[in-house]
file input.cif (mmCIF, C-alpha atoms)
data_start
#
loop_
_atom_site.group_PDB
_atom_site.id
_atom_site.type_symbol
_atom_site.label_atom_id
_atom_site.label_comp_id
_atom_site.auth_asym_id
_atom_site.auth_seq_id
_atom_site.Cartn_x
_atom_site.Cartn_y
_atom_site.Cartn_z
ATOM 1 C CA MET V 1 -2.487 20.660 37.446
ATOM 2 C CA LYS V 2 -2.258 17.084 36.219
ATOM 3 C CA ARG V 3 -6.028 16.958 35.689
ATOM 4 C CA THR V 4 -5.908 20.228 33.746
ATOM 5 C CA LEU V 5 -3.096 18.943 31.527
ATOM 6 C CA LEU V 6 -5.031 15.768 30.800
ATOM 7 C CA SER V 7 -8.087 17.823 29.899
ATOM 8 C CA ILE V 8 -6.044 19.946 27.489
ATOM 9 C CA LEU V 9 -4.582 16.850 25.867
ATOM 10 C CA ALA V 10 -8.020 15.287 25.552
ATOM 11 C CA MET V 11 -9.415 18.432 23.961
ATOM 12 C CA ALA V 12 -6.497 18.552 21.524
ATOM 13 C CA ALA V 13 -7.094 14.931 20.569
ATOM 14 C CA MET V 14 -10.801 15.609 20.073
ATOM 15 C CA SER V 15 -9.997 18.652 17.915
ATOM 16 C CA ALA V 16 -7.619 16.630 15.763
ATOM 17 C CA THR V 17 -10.246 13.925 15.382
ATOM 18 C CA ALA V 18 -12.873 16.476 14.441
ATOM 19 C CA LEU V 19 -10.539 18.025 11.876
ATOM 20 C CA ALA V 20 -9.849 14.636 10.325
ATOM 21 C CA ALA V 21 -13.569 13.848 10.315
ATOM 22 C CA ASP V 22 -14.264 17.022 8.325
ATOM 23 C CA ILE V 23 -12.018 15.815 5.503
ATOM 24 C CA LYS V 24 -13.452 13.237 3.138
ATOM 25 C CA PRO V 25 -10.938 13.369 0.278
ATOM 26 C CA ALA V 26 -11.525 11.572 -2.976
ATOM 27 C CA ILE V 27 -9.738 11.038 -6.267
ATOM 28 C CA ILE V 28 -11.112 9.879 -9.587
ATOM 29 C CA TYR V 29 -8.648 8.524 -12.126
ATOM 30 C CA ASP V 30 -8.648 8.889 -15.873
ATOM 31 C CA LEU V 31 -9.025 6.047 -18.353
ATOM 32 C CA GLY V 32 -6.284 3.461 -17.964
ATOM 33 C CA GLY V 33 -6.791 3.019 -14.231
ATOM 34 C CA LYS V 34 -4.730 3.728 -11.160
ATOM 35 C CA PHE V 35 -2.153 1.018 -11.897
ATOM 36 C CA ASP V 36 -1.183 2.219 -15.375
ATOM 37 C CA LYS V 37 2.455 2.612 -14.243
ATOM 38 C CA SER V 38 2.274 6.208 -15.449
ATOM 39 C CA PHE V 39 0.034 9.268 -14.949
ATOM 40 C CA ASN V 40 -2.796 7.711 -12.943
ATOM 41 C CA GLU V 41 -0.445 5.701 -10.775
ATOM 42 C CA SER V 42 1.465 8.824 -9.862
ATOM 43 C CA ALA V 43 -1.826 10.367 -8.712
ATOM 44 C CA TYR V 44 -2.594 7.222 -6.712
ATOM 45 C CA ASN V 45 0.837 7.360 -5.074
ATOM 46 C CA GLY V 46 0.144 10.902 -3.885
ATOM 47 C CA ALA V 47 -3.143 9.822 -2.302
ATOM 48 C CA GLU V 48 -1.451 6.835 -0.661
ATOM 49 C CA LYS V 49 1.304 9.008 0.776
ATOM 50 C CA PHE V 50 -1.290 11.358 2.248
ATOM 51 C CA LYS V 51 -3.069 8.410 3.877
ATOM 52 C CA ALA V 52 0.212 7.049 5.251
ATOM 53 C CA ASP V 53 1.259 10.433 6.637
ATOM 54 C CA THR V 54 -2.072 11.429 8.175
ATOM 55 C CA GLY V 55 -4.044 8.254 8.783
ATOM 56 C CA ILE V 56 -6.949 9.792 6.859
ATOM 57 C CA GLU V 57 -8.654 7.443 4.427
ATOM 58 C CA TYR V 58 -9.626 8.578 0.960
ATOM 59 C CA ARG V 59 -12.116 7.343 -1.599
ATOM 60 C CA ASP V 60 -11.223 6.629 -5.215
ATOM 61 C CA PHE V 61 -12.789 5.395 -8.423
ATOM 62 C CA GLU V 62 -11.562 4.120 -11.781
ATOM 63 C CA ILE V 63 -13.852 5.004 -14.669
ATOM 64 C CA GLN V 64 -14.282 2.513 -17.498
ATOM 65 C CA ASN V 65 -15.613 4.929 -20.128
ATOM 66 C CA ASP V 66 -16.241 8.632 -20.705
ATOM 67 C CA ALA V 67 -19.955 8.291 -19.993
ATOM 68 C CA GLN V 68 -19.163 7.636 -16.308
ATOM 69 C CA ARG V 69 -17.391 10.923 -15.692
ATOM 70 C CA GLU V 70 -20.281 13.186 -14.760
ATOM 71 C CA GLN V 71 -22.131 10.462 -12.874
ATOM 72 C CA ALA V 72 -19.119 9.517 -10.750
ATOM 73 C CA LEU V 73 -18.170 13.099 -9.982
ATOM 74 C CA ARG V 74 -21.718 14.077 -9.018
ATOM 75 C CA LYS V 75 -22.071 11.031 -6.743
ATOM 76 C CA PHE V 76 -18.857 11.853 -4.885
ATOM 77 C CA ALA V 77 -20.008 15.447 -4.393
ATOM 78 C CA ARG V 78 -23.462 14.390 -3.203
ATOM 79 C CA ASP V 79 -21.880 11.911 -0.789
ATOM 80 C CA GLY V 80 -20.005 14.782 0.857
ATOM 81 C CA ASN V 81 -16.531 13.989 -0.383
ATOM 82 C CA ASN V 82 -14.320 17.060 -0.106
ATOM 83 C CA PRO V 83 -11.910 17.816 -1.694
ATOM 84 C CA ILE V 84 -12.349 15.863 -4.917
ATOM 85 C CA VAL V 85 -9.347 15.557 -7.235
ATOM 86 C CA MET V 86 -9.660 14.567 -10.901
ATOM 87 C CA ALA V 87 -6.647 13.190 -12.729
ATOM 88 C CA GLY V 88 -6.683 14.342 -16.336
ATOM 89 C CA PHE V 89 -7.842 17.067 -18.720
ATOM 90 C CA SER V 90 -10.815 15.003 -19.906
ATOM 91 C CA TRP V 91 -12.660 15.762 -16.656
ATOM 92 C CA ALA V 92 -13.153 19.419 -17.557
ATOM 93 C CA ALA V 93 -16.667 19.237 -19.048
ATOM 94 C CA ALA V 94 -18.059 17.167 -16.186
ATOM 95 C CA LEU V 95 -16.359 19.372 -13.616
ATOM 96 C CA GLU V 96 -17.806 22.575 -15.058
ATOM 97 C CA LYS V 97 -21.315 21.201 -14.477
ATOM 98 C CA VAL V 98 -20.831 19.504 -11.114
ATOM 99 C CA ALA V 99 -18.686 22.206 -9.473
ATOM 100 C CA ALA V 100 -21.347 24.787 -10.289
ATOM 101 C CA GLU V 101 -23.970 22.555 -8.630
ATOM 102 C CA HIS V 102 -21.846 22.110 -5.481
ATOM 103 C CA PRO V 103 -20.327 25.531 -4.682
ATOM 104 C CA ASP V 104 -19.331 24.462 -1.153
ATOM 105 C CA THR V 105 -17.232 21.533 -2.369
ATOM 106 C CA ASP V 106 -13.556 21.994 -3.244
ATOM 107 C CA PHE V 107 -12.366 20.456 -6.499
ATOM 108 C CA ALA V 108 -8.937 20.088 -8.106
ATOM 109 C CA ILE V 109 -8.299 19.130 -11.714
ATOM 110 C CA ILE V 110 -4.910 18.139 -13.112
ATOM 111 C CA ASP V 111 -3.848 19.134 -16.650
ATOM 112 C CA MET V 112 -6.714 21.530 -17.387
ATOM 113 C CA VAL V 113 -7.903 24.970 -16.329
ATOM 114 C CA VAL V 114 -11.531 25.238 -15.186
ATOM 115 C CA ASP V 115 -12.317 28.796 -14.192
ATOM 116 C CA LEU V 116 -14.750 28.405 -11.306
ATOM 117 C CA PRO V 117 -14.472 29.841 -7.770
ATOM 118 C CA ASN V 118 -14.323 26.424 -6.063
ATOM 119 C CA VAL V 119 -11.811 24.804 -8.428
ATOM 120 C CA ARG V 120 -8.024 24.506 -8.236
ATOM 121 C CA SER V 121 -6.515 23.881 -11.660
ATOM 122 C CA ILE V 122 -3.037 22.334 -11.797
ATOM 123 C CA VAL V 123 -1.004 22.462 -14.984
ATOM 124 C CA TYR V 124 2.614 21.568 -15.641
ATOM 125 C CA LYS V 125 5.522 22.777 -17.711
ATOM 126 C CA GLU V 126 5.967 19.369 -19.318
ATOM 127 C CA GLN V 127 8.145 20.987 -21.966
ATOM 128 C CA GLU V 128 10.833 21.703 -19.358
ATOM 129 C CA GLY V 129 11.115 18.123 -18.115
ATOM 130 C CA SER V 130 10.943 16.828 -21.691
ATOM 131 C CA TYR V 131 13.784 19.168 -22.674
ATOM 132 C CA LEU V 132 15.973 17.551 -20.016
ATOM 133 C CA VAL V 133 15.332 14.000 -21.202
ATOM 134 C CA GLY V 134 15.946 15.267 -24.752
ATOM 135 C CA VAL V 135 19.413 16.385 -23.694
ATOM 136 C CA MET V 136 20.035 12.921 -22.277
ATOM 137 C CA ALA V 137 18.673 11.199 -25.384
ATOM 138 C CA ALA V 138 20.977 13.172 -27.662
ATOM 139 C CA LYS V 139 23.957 12.339 -25.455
ATOM 140 C CA ALA V 140 23.066 8.629 -25.367
ATOM 141 C CA SER V 141 22.270 8.221 -29.068
ATOM 142 C CA GLU V 142 24.896 6.574 -31.238
ATOM 143 C CA SER V 143 22.908 6.818 -34.471
ATOM 144 C CA GLY V 144 21.996 10.503 -34.223
ATOM 145 C CA THR V 145 18.317 9.579 -34.552
ATOM 146 C CA VAL V 146 15.936 9.516 -31.596
ATOM 147 C CA SER V 147 12.158 9.416 -31.426
ATOM 148 C CA PHE V 148 8.963 10.277 -29.566
ATOM 149 C CA ILE V 149 5.682 8.381 -29.247
ATOM 150 C CA GLY V 150 2.653 10.166 -27.859
ATOM 151 C CA GLY V 151 -0.681 8.787 -26.780
ATOM 152 C CA MET V 152 -3.748 10.740 -27.892
ATOM 153 C CA ASP V 153 -2.896 13.408 -30.447
ATOM 154 C CA ILE V 154 -3.706 16.576 -28.480
ATOM 155 C CA PRO V 155 -1.797 19.817 -27.846
ATOM 156 C CA LEU V 156 -0.802 18.664 -24.347
ATOM 157 C CA ILE V 157 1.122 15.683 -25.720
ATOM 158 C CA ARG V 158 2.681 17.747 -28.498
ATOM 159 C CA LYS V 159 3.949 19.920 -25.649
ATOM 160 C CA PHE V 160 6.005 16.918 -24.445
ATOM 161 C CA ALA V 161 7.190 16.190 -27.979
ATOM 162 C CA CYS V 162 8.276 19.765 -28.679
ATOM 163 C CA GLY V 163 10.204 20.135 -25.425
ATOM 164 C CA TYR V 164 11.963 16.833 -26.147
ATOM 165 C CA ALA V 165 12.944 17.980 -29.637
ATOM 166 C CA GLY V 166 14.267 21.221 -28.137
ATOM 167 C CA GLY V 167 16.572 19.383 -25.748
ATOM 168 C CA VAL V 168 17.782 17.020 -28.467
ATOM 169 C CA LYS V 169 18.508 19.792 -30.974
ATOM 170 C CA ALA V 170 20.230 22.020 -28.397
ATOM 171 C CA THR V 171 22.603 19.147 -27.657
ATOM 172 C CA ASN V 172 23.051 17.866 -31.213
ATOM 173 C CA PRO V 173 21.798 20.261 -33.904
ATOM 174 C CA ASP V 174 22.291 17.566 -36.555
ATOM 175 C CA ALA V 175 20.126 14.987 -34.786
ATOM 176 C CA THR V 176 16.939 13.602 -36.340
ATOM 177 C CA VAL V 177 13.839 13.424 -34.138
ATOM 178 C CA LEU V 178 11.070 11.099 -35.319
ATOM 179 C CA GLU V 179 7.581 11.649 -33.936
ATOM 180 C CA ALA V 180 4.353 9.647 -33.910
ATOM 181 C CA MET V 181 1.056 9.644 -32.027
ATOM 182 C CA THR V 182 -0.845 6.488 -31.149
ATOM 183 C CA GLY V 183 -4.346 7.719 -31.995
ATOM 184 C CA THR V 184 -6.981 10.423 -31.781
ATOM 185 C CA THR V 185 -9.324 8.882 -29.191
ATOM 186 C CA PRO V 186 -8.879 8.073 -25.471
ATOM 187 C CA ASP V 187 -8.097 4.459 -26.449
ATOM 188 C CA ALA V 188 -4.664 5.739 -27.428
ATOM 189 C CA TRP V 189 -3.698 5.855 -23.739
ATOM 190 C CA ASN V 190 -4.103 2.102 -23.259
ATOM 191 C CA ASP V 191 -2.761 0.263 -26.320
ATOM 192 C CA PRO V 192 0.663 -1.171 -25.464
ATOM 193 C CA VAL V 193 0.610 -3.461 -28.505
ATOM 194 C CA LYS V 194 0.287 -0.539 -30.901
ATOM 195 C CA GLY V 195 2.865 1.395 -28.887
ATOM 196 C CA GLY V 196 5.310 -1.450 -29.364
ATOM 197 C CA GLU V 197 4.616 -1.593 -33.088
ATOM 198 C CA ILE V 198 5.260 2.126 -33.518
ATOM 199 C CA ALA V 199 8.479 1.865 -31.502
ATOM 200 C CA LYS V 200 9.751 -0.967 -33.711
ATOM 201 C CA SER V 201 8.947 1.088 -36.802
ATOM 202 C CA GLN V 202 10.933 4.048 -35.467
ATOM 203 C CA ILE V 203 13.827 1.797 -34.502
ATOM 204 C CA ALA V 204 13.818 0.412 -38.044
ATOM 205 C CA GLN V 205 14.269 4.023 -39.207
ATOM 206 C CA GLY V 206 17.383 4.371 -37.052
ATOM 207 C CA SER V 207 16.096 5.546 -33.668
ATOM 208 C CA ASP V 208 18.086 4.204 -30.771
ATOM 209 C CA VAL V 209 16.354 6.196 -27.979
ATOM 210 C CA VAL V 210 12.536 6.254 -27.797
ATOM 211 C CA TYR V 211 10.610 8.581 -25.470
ATOM 212 C CA ALA V 212 6.999 7.642 -24.754
ATOM 213 C CA ALA V 213 4.385 10.016 -23.327
ATOM 214 C CA ALA V 214 1.416 7.729 -23.819
ATOM 215 C CA GLY V 215 0.050 6.444 -20.512
ATOM 216 C CA GLY V 216 -0.364 2.664 -20.494
ATOM 217 C CA THR V 217 0.602 2.525 -24.190
ATOM 218 C CA GLY V 218 4.108 3.516 -23.153
ATOM 219 C CA ILE V 219 4.580 0.166 -21.407
ATOM 220 C CA GLY V 220 4.626 -1.461 -24.839
ATOM 221 C CA VAL V 221 7.050 1.165 -26.131
ATOM 222 C CA LEU V 222 9.559 0.503 -23.357
ATOM 223 C CA GLN V 223 9.203 -3.265 -23.854
ATOM 224 C CA ALA V 224 9.816 -2.999 -27.593
ATOM 225 C CA ALA V 225 12.867 -0.763 -27.139
ATOM 226 C CA ALA V 226 14.366 -3.207 -24.641
ATOM 227 C CA ASP V 227 13.628 -6.177 -26.913
ATOM 228 C CA GLU V 228 15.406 -4.425 -29.793
ATOM 229 C CA GLY V 229 18.440 -3.575 -27.663
ATOM 230 C CA LYS V 230 17.647 0.158 -27.682
ATOM 231 C CA LEU V 231 16.878 2.655 -24.927
ATOM 232 C CA GLY V 232 13.463 3.857 -23.832
ATOM 233 C CA ILE V 233 12.507 6.928 -21.808
ATOM 234 C CA GLY V 234 9.562 6.709 -19.436
ATOM 235 C CA VAL V 235 7.124 9.385 -18.333
ATOM 236 C CA ASP V 236 5.083 10.709 -15.398
ATOM 237 C CA SER V 237 6.035 8.031 -12.835
ATOM 238 C CA ASN V 238 9.571 6.678 -12.486
ATOM 239 C CA GLN V 239 9.455 3.866 -15.056
ATOM 240 C CA ASN V 240 13.167 3.053 -14.923
ATOM 241 C CA GLY V 241 12.463 -0.249 -13.196
ATOM 242 C CA LEU V 242 10.052 -1.538 -15.841
ATOM 243 C CA GLN V 243 12.985 -2.511 -18.070
ATOM 244 C CA PRO V 244 16.050 -2.203 -15.810
ATOM 245 C CA GLY V 245 19.151 -1.206 -17.753
ATOM 246 C CA ALA V 246 17.128 -0.368 -20.870
ATOM 247 C CA VAL V 247 15.338 2.793 -19.711
ATOM 248 C CA LEU V 248 17.655 5.785 -19.951
ATOM 249 C CA THR V 249 15.525 7.868 -17.581
ATOM 250 C CA SER V 250 11.920 8.920 -16.977
ATOM 251 C CA MET V 251 10.463 12.408 -17.254
ATOM 252 C CA LEU V 252 8.861 12.827 -13.860
ATOM 253 C CA LYS V 253 5.611 14.736 -13.781
ATOM 254 C CA ARG V 254 4.814 15.086 -10.102
ATOM 255 C CA VAL V 255 1.105 14.418 -10.223
ATOM 256 C CA ASP V 256 1.560 12.786 -6.820
ATOM 257 C CA VAL V 257 2.583 16.143 -5.359
ATOM 258 C CA ALA V 258 -0.520 17.853 -6.763
ATOM 259 C CA VAL V 259 -2.815 15.244 -5.224
ATOM 260 C CA TYR V 260 -1.029 15.237 -1.884
ATOM 261 C CA ASN V 261 -1.065 19.041 -1.669
ATOM 262 C CA ALA V 262 -4.762 19.247 -2.513
ATOM 263 C CA PHE V 263 -5.653 16.782 0.241
ATOM 264 C CA ASP V 264 -3.256 18.307 2.749
ATOM 265 C CA ASP V 265 -4.298 21.902 2.077
ATOM 266 C CA ALA V 266 -7.919 20.921 2.672
ATOM 267 C CA LYS V 267 -6.938 19.190 5.905
ATOM 268 C CA GLU V 268 -5.136 22.319 7.063
ATOM 269 C CA GLY V 269 -8.001 24.596 6.024
ATOM 270 C CA LYS V 270 -5.909 26.414 3.417
ATOM 271 C CA PHE V 271 -7.224 25.053 0.126
ATOM 272 C CA THR V 272 -6.727 27.673 -2.599
ATOM 273 C CA TYR V 273 -8.325 28.163 -5.984
ATOM 274 C CA GLY V 274 -7.315 29.442 -9.387
ATOM 275 C CA PHE V 275 -4.535 27.743 -11.318
ATOM 276 C CA ASN V 276 -1.105 26.514 -10.298
ATOM 277 C CA VAL V 277 1.700 26.082 -12.827
ATOM 278 C CA LEU V 278 4.404 23.601 -11.845
ATOM 279 C CA GLY V 279 7.725 23.439 -13.653
ATOM 280 C CA LEU V 280 11.336 22.690 -12.774
ATOM 281 C CA ALA V 281 11.559 25.616 -10.357
ATOM 282 C CA GLU V 282 8.533 24.317 -8.434
ATOM 283 C CA ASN V 283 9.736 20.663 -8.465
ATOM 284 C CA GLY V 284 6.741 19.839 -10.630
ATOM 285 C CA VAL V 285 8.816 18.074 -13.305
ATOM 286 C CA ASP V 286 12.245 16.454 -13.325
ATOM 287 C CA TYR V 287 14.194 13.464 -14.626
ATOM 288 C CA ALA V 288 14.624 10.178 -12.746
ATOM 289 C CA MET V 289 17.863 8.658 -11.499
ATOM 290 C CA ASP V 290 18.099 5.390 -9.564
ATOM 291 C CA ASP V 291 19.991 2.100 -9.516
ATOM 292 C CA ASN V 292 18.163 0.914 -12.630
ATOM 293 C CA ASN V 293 19.656 3.566 -14.919
ATOM 294 C CA ALA V 294 22.799 4.648 -13.053
ATOM 295 C CA LYS V 295 25.127 2.750 -15.408
ATOM 296 C CA LEU V 296 23.517 4.346 -18.455
ATOM 297 C CA VAL V 297 24.183 7.928 -17.351
ATOM 298 C CA ASP V 298 27.858 8.901 -17.408
ATOM 299 C CA GLN V 299 29.267 12.044 -15.824
ATOM 300 C CA ASP V 300 29.258 13.995 -19.062
ATOM 301 C CA MET V 301 25.559 13.336 -19.552
ATOM 302 C CA ARG V 302 24.776 14.124 -15.927
ATOM 303 C CA ASP V 303 26.716 17.408 -16.121
ATOM 304 C CA ALA V 304 24.904 18.384 -19.333
ATOM 305 C CA VAL V 305 21.421 17.703 -17.997
ATOM 306 C CA GLU V 306 22.118 19.396 -14.666
ATOM 307 C CA GLN V 307 23.445 22.476 -16.480
ATOM 308 C CA ALA V 308 20.337 22.580 -18.657
ATOM 309 C CA LYS V 309 18.148 22.235 -15.575
ATOM 310 C CA ALA V 310 19.928 25.083 -13.801
ATOM 311 C CA ASP V 311 19.735 27.297 -16.904
ATOM 312 C CA ILE V 312 15.995 26.714 -17.306
ATOM 313 C CA ILE V 313 15.335 27.520 -13.657
ATOM 314 C CA ALA V 314 17.511 30.656 -13.936
ATOM 315 C CA GLY V 315 15.714 31.773 -17.089
ATOM 316 C CA LYS V 316 18.783 31.426 -19.306
ATOM 317 C CA ILE V 317 16.987 28.804 -21.376
ATOM 318 C CA SER V 318 13.337 29.308 -22.310
ATOM 319 C CA VAL V 319 11.718 26.107 -23.520
ATOM 320 C CA HIS V 320 8.948 26.732 -26.031
ATOM 321 C CA ASP V 321 5.432 25.798 -24.907
ATOM 322 C CA TYR V 322 3.630 24.208 -27.855
ATOM 323 C CA THR V 323 0.224 25.038 -26.373
ATOM 324 C CA SER V 324 0.989 28.771 -26.490
ATOM 325 C CA ASP V 325 0.763 28.882 -30.299
ATOM 326 C CA GLU V 326 0.414 25.219 -31.409
ATOM 327 C CA ASN V 327 3.792 25.467 -33.090
ATOM 328 C CA CYS V 328 7.159 23.843 -32.431
ATOM 329 C CA PRO V 329 10.185 25.863 -33.555
ATOM 330 C CA TYR V 330 12.793 23.154 -33.055
#
call {"tool": "encode", "arguments": {"input": "input.cif", "output": "structure tokens"}}
result
Amino acid sequence: MKRTLLSILAMAAMSATALAADIKPAIIYDLGGKFDKSFNESAYNGAEKFKADTGIEYRDFEIQNDAQREQALRKFARDGNNPIVMAGFSWAAALEKVAAEHPDTDFAIIDMVVDLPNVRSIVYKEQEGSYLVGVMAAKASESGTVSFIGGMDIPLIRKFACGYAGGVKATNPDATVLEAMTGTTPDAWNDPVKGGEIAKSQIAQGSDVVYAAAGGTGIGVLQAAADEGKLGIGVDSNQNGLQPGAVLTSMLKRVDVAVYNAFDDAKEGKFTYGFNVLGLAENGVDYAMDDNNAKLVDQDMRDAVEQAKADIIAGKISVHDYTSDENCPY
């Protein structure tokens, strides 16, 4: 009996090892790198959590320019990495080619839909999370003027801006919302100096709360707001600690969850395809609270944002999606 039990345990251990050996997960980050304190770093955190929870190593790569996309993705596929997760919409063109060449490899792309049978596409309702931080911005503002700074001027980032304006205007219809984009090329994601300059310009126009959805550029925005004695709002990762006491909150976009789920689903043999849409109801977006911003958020503000969150989840509030018609009604 004892020998039989030991045999069963040994076989179970061997099966677990074999299962782990079949998984060779990989992630490739977008421009800005995995330590951008924003979008890419959230993806990295998801991969790290998976490794910590399972003991399974993963492979990753930080591209330096757009020309590396197809080459890096094809090399990972040829090396047998599976699944392969790409952080960012800019991977779409490379993925369309490489996924078709490797039909037995599972791919996941974040922030873009690629309609292929071996691809999982993950998109978010950024407008819902941005609406929440807009409510908080309107409550925190003393001047009645708040602002938004985006990275690359694309419909995805205008989706953040529009949701933010919706939350601000629902809370204070008389508020002014200033808006600016950093640029029209991928360099706009990694220019903290320019981000800081734009923030100072908006502050000079009366803004006392500045929301940045600009990748690494947002680091400069938060720094400038803090230097000017105003409030910043972070994005993607929890950026409250970058300028403690000067960041009202951060709009959390749970890229880490998308990465973790892709790796874990592959490990469990239940990787699915098609596209997933993650909003407040799916815990895909949210706002950040911690010790760094606790003193900035009074009960009235907390009640207002929680009510808005509940109403969005219940369908009582519908936040306009800019990408549906490339228009913002707020």
call {"tool": "resolve_selection", "arguments": {"input": "input.cif", "expression": "the PyMOL selection byres ((chain V and resi 271) around 9)", "output": "MDAnalysis selection string"}}
result
chainID V and resid 83 106 120 261:270 272:273
call {"tool": "atom_distance", "arguments": {"input": "input.cif", "atom1": "atom CA of Asp291 of chain V", "atom2": "atom CA of Met251 of chain V"}}
result
16.0 Å
call {"tool": "atom_distance", "arguments": {"input": "input.cif", "atom1": "atom CA of Trp189 of chain V", "atom2": "atom CA of Met152 of chain V"}}
result
6.4 Å
call {"tool": "atom_distance", "arguments": {"input": "input.cif", "atom1": "atom CA of Asp321 of chain V", "atom2": "atom CA of Tyr131 of chain V"}}
result
10.9 Å
call {"tool": "resolve_selection", "arguments": {"input": "input.cif", "expression": "the PyMOL selection byres ((chain V and resi 202) around 9)", "output": "list in words"}}
result
Val146, Ser147, Phe148, Leu178, Glu179, Ala180, Glu197, Ile198, Ala199, Lys200, Ser201, Ile203, Ala204, Gln205, Gly206, Ser207, Asp208 and Val210 of chain V
call {"tool": "closest_residue", "arguments": {"input": "input.cif", "among": "V:Lys316, V:Met86, V:Gly134, V:Glu62", "to": "Gly234 of chain V", "atoms": "all atoms listed in the file"}}
result
V:Gly134
call {"tool": "residues_around", "arguments": {"input": "input.cif", "residues": "Gln71 of chain V", "least_positions_apart": "5", "cutoff": "10 Å", "atoms": "all atoms listed in the file", "output": "PDB file with C-alpha atoms, in the coordinates of the input"}}
result
ATOM      1  CA  ASP V  66     -16.241   8.632 -20.705  1.00  0.00           C
ATOM      2  CA  PHE V  76     -18.857  11.853  -4.885  1.00  0.00           C
ATOM      3  CA  ALA V  94     -18.059  17.167 -16.186  1.00  0.00           C
ATOM      4  CA  VAL V  98     -20.831  19.504 -11.114  1.00  0.00           C
TER       5      VAL V  98
END
call {"tool": "resolve_selection", "arguments": {"input": "input.cif", "expression": "the PyMOL selection byres ((chain V and resi 222-229) around 8)", "output": "VMD selection string"}}
result
chain V and resid 196 to 197 199 to 200 203 209 to 210 212 218 to 221 230 to 234 242 to 243 246 to 247
call {"tool": "closest_residue", "arguments": {"input": "input.cif", "among": "V:Tyr287, V:Ala140, V:Asn65, V:Leu132", "to": "Thr185 of chain V", "atoms": "all atoms listed in the file"}}
result
V:Asn65
call {"tool": "axis_aligned_box", "arguments": {"input": "input.cif", "around": "segment 25-38 of chain V", "padding_each_side": "4 Å", "output": "AutoDock Vina command-line options"}}
result
--center_x -4.5 --center_y 7.2 --center_z -9.0 --size_x 22.0 --size_y 20.4 --size_z 26.6
